[in-house]
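S.K.: First, the structure itself, so that you have it in front of you.
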Amino acid sequence: MLLVNKPSGWTSFDVVQKIRNVSRAKKVGHAGTLDPLATGLLILCTGKFTKRIDEVQAQEKEYTGTITVGATRPSFDMETEIDQTFAWEHITPQMVQEATQQFTGVIEQIPPSYSAIKINGQRAYENARAGKEVEIKPRSVEIKEFEITGVELPNIHFRVVCSKGTYIRTLAYDFGRALNSGAYLASLCRTRIGEYLLKDAVEVEDLVNEIKEKRAVQ
């Protein structure tokens, strides 16, 4: 089991493929997808540890990030361009704090159309990029903690502890609506999965170099 700090711009599969190629391991998988623009803890499992992927994925997650109010994007994050703008000058720090109460506990979420969930055997993002509209059903998730760590409008900094299957991009979009505005996820970092912490993770290139050095010695 390897703890990796996924860089922005890499898909989770990019990291898996990189480690698979350099290590020549037959089995490499990850325990929980991170969006391409997100950074932070990605847990890789190799060999017999791939049997533990479902167990690790089921554990609670912790994220930190920034929500920007006043606009929306189709992907709910920075992957796509702004499609609508909204007023945000009416928003106060008190309103931001109060709005978090609507999103604490078990809530209903509709995953983004730009997500990796499968609809009729096809990834939702593939349909979205092709301009096709597909109905995505709501799902229940649990937000255990939703802490506002800073308000520098139009930017709102936060920390969230949540259950498996929670889309922080959807949380950002819905949060904007609760503030009578629009919003998107400007940045996201996963800091914890269960007992595994980002501070114990290694950089992808450092892991690659370590694997190469070990192979050279063998």
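Identifiers in this document derive from the order of the structure tokens: chains are assigned A, B, ..., residues are numbered from 1 separately in each chain, and ligands are numbered from 1 in order of occurrence.
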Could you name the residues that touch stretch 211-215 of chain A at 12 Å or less, counting only C-alpha atoms, but leaving out those on the same chain fewer than 2 positions away, as an mmCIF file with N, CA and C atoms, in the first residue's frame?
M.R.:
data_model
loop_
_atom_site.group_PDB
_atom_site.id
_atom_site.type_symbol
_atom_site.label_atom_id
_atom_site.label_comp_id
_atom_site.auth_asym_id
_atom_site.auth_seq_id
_atom_site.Cartn_x
_atom_site.Cartn_y
_atom_site.Cartn_z
ATOM 1 N N LEU A 2 0.669 2.122 -0.945
ATOM 2 C CA LEU A 2 1.518 3.297 -1.135
ATOM 3 C C LEU A 2 0.691 4.569 -1.000
ATOM 4 N N LYS A 18 1.587 5.073 -14.245
ATOM 5 C CA LYS A 18 2.998 5.435 -14.089
ATOM 6 C C LYS A 18 3.708 4.426 -13.187
ATOM 7 N N ILE A 19 3.088 4.111 -12.047
ATOM 8 C CA ILE A 19 3.688 3.178 -11.092
ATOM 9 C C ILE A 19 3.678 1.758 -11.652
ATOM 10 N N ARG A 20 2.634 1.413 -12.356
ATOM 11 C CA ARG A 20 2.550 0.075 -12.959
ATOM 12 C C ARG A 20 3.676 -0.115 -13.971
ATOM 13 N N ASN A 21 3.928 0.903 -14.785
ATOM 14 C CA ASN A 21 4.957 0.799 -15.821
ATOM 15 C C ASN A 21 6.358 0.706 -15.238
ATOM 16 N N VAL A 22 6.639 1.536 -14.240
ATOM 17 C CA VAL A 22 7.999 1.583 -13.712
ATOM 18 C C VAL A 22 8.300 0.392 -12.795
ATOM 19 N N SER A 23 7.260 -0.110 -12.108
ATOM 20 C CA SER A 23 7.478 -1.213 -11.171
ATOM 21 C C SER A 23 7.315 -2.574 -11.827
ATOM 22 N N ARG A 24 6.619 -2.558 -12.980
ATOM 23 C CA ARG A 24 6.298 -3.790 -13.701
ATOM 24 C C ARG A 24 5.425 -4.723 -12.864
ATOM 25 N N ALA A 25 4.694 -4.141 -11.914
ATOM 26 C CA ALA A 25 3.775 -4.927 -11.095
ATOM 27 C C ALA A 25 2.561 -5.308 -11.932
ATOM 28 N N VAL A 204 4.970 11.714 -6.466
ATOM 29 C CA VAL A 204 4.980 10.681 -7.505
ATOM 30 C C VAL A 204 6.387 10.459 -8.046
ATOM 31 N N GLU A 205 7.084 11.537 -8.381
ATOM 32 C CA GLU A 205 8.416 11.394 -8.971
ATOM 33 C C GLU A 205 9.414 10.800 -7.983
ATOM 34 N N ASP A 206 9.263 11.125 -6.696
ATOM 35 C CA ASP A 206 10.144 10.532 -5.685
ATOM 36 C C ASP A 206 9.913 9.026 -5.592
ATOM 37 N N LEU A 207 8.644 8.618 -5.681
ATOM 38 C CA LEU A 207 8.320 7.194 -5.641
ATOM 39 C C LEU A 207 8.866 6.479 -6.872
ATOM 40 N N VAL A 208 8.731 7.109 -8.023
ATOM 41 C CA VAL A 208 9.248 6.534 -9.273
ATOM 42 C C VAL A 208 10.759 6.329 -9.171
ATOM 43 N N ASN A 209 11.470 7.353 -8.684
ATOM 44 C CA ASN A 209 12.937 7.255 -8.555
ATOM 45 C C ASN A 209 13.345 6.169 -7.563
ATOM 46 N N VAL A 217 19.431 -2.099 -8.221
ATOM 47 C CA VAL A 217 20.243 -2.835 -7.272
ATOM 48 C C VAL A 217 20.008 -4.348 -7.409
ATOM 49 N N GLN A 218 18.779 -4.715 -7.756
ATOM 50 C CA GLN A 218 18.430 -6.148 -7.835
ATOM 51 C C GLN A 218 19.150 -6.856 -8.970
#
S.K.: From the set A:Arg73, A:Lys164, A:Arg52, A:Arg169, which residue has the shortest atom-to-atom contact distance to A:Phe86, counting only C-alpha atoms?
M.R.: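 With only C-alpha atoms as the atom set, the closest residue is A:Arg73.
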S.K.: For A:Gly182, which residue among A:Gln102, A:Thr68, A:Gln97, A:Thr92 is the nearest when counting only C-alpha atoms?
M.R.: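 With only C-alpha atoms as the atom set, the closest residue is A:Thr68.
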S.K.: Calculated over only C-alpha atoms, which of the candidates A:Thr50, A:Gln57, A:Ser187, A:Gln84 has the smallest distance to A:Ile168?
M.R.: A:Ser187
S.K.: Measuring atom to atom with only C-alpha atoms, identify which of A:Cys189, A:Leu198, A:Leu34, A:Ile143 is nearest to A:Val160.
M.R.: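 Checking each candidate against A:Val160, we get A:Ile143 as the closest.
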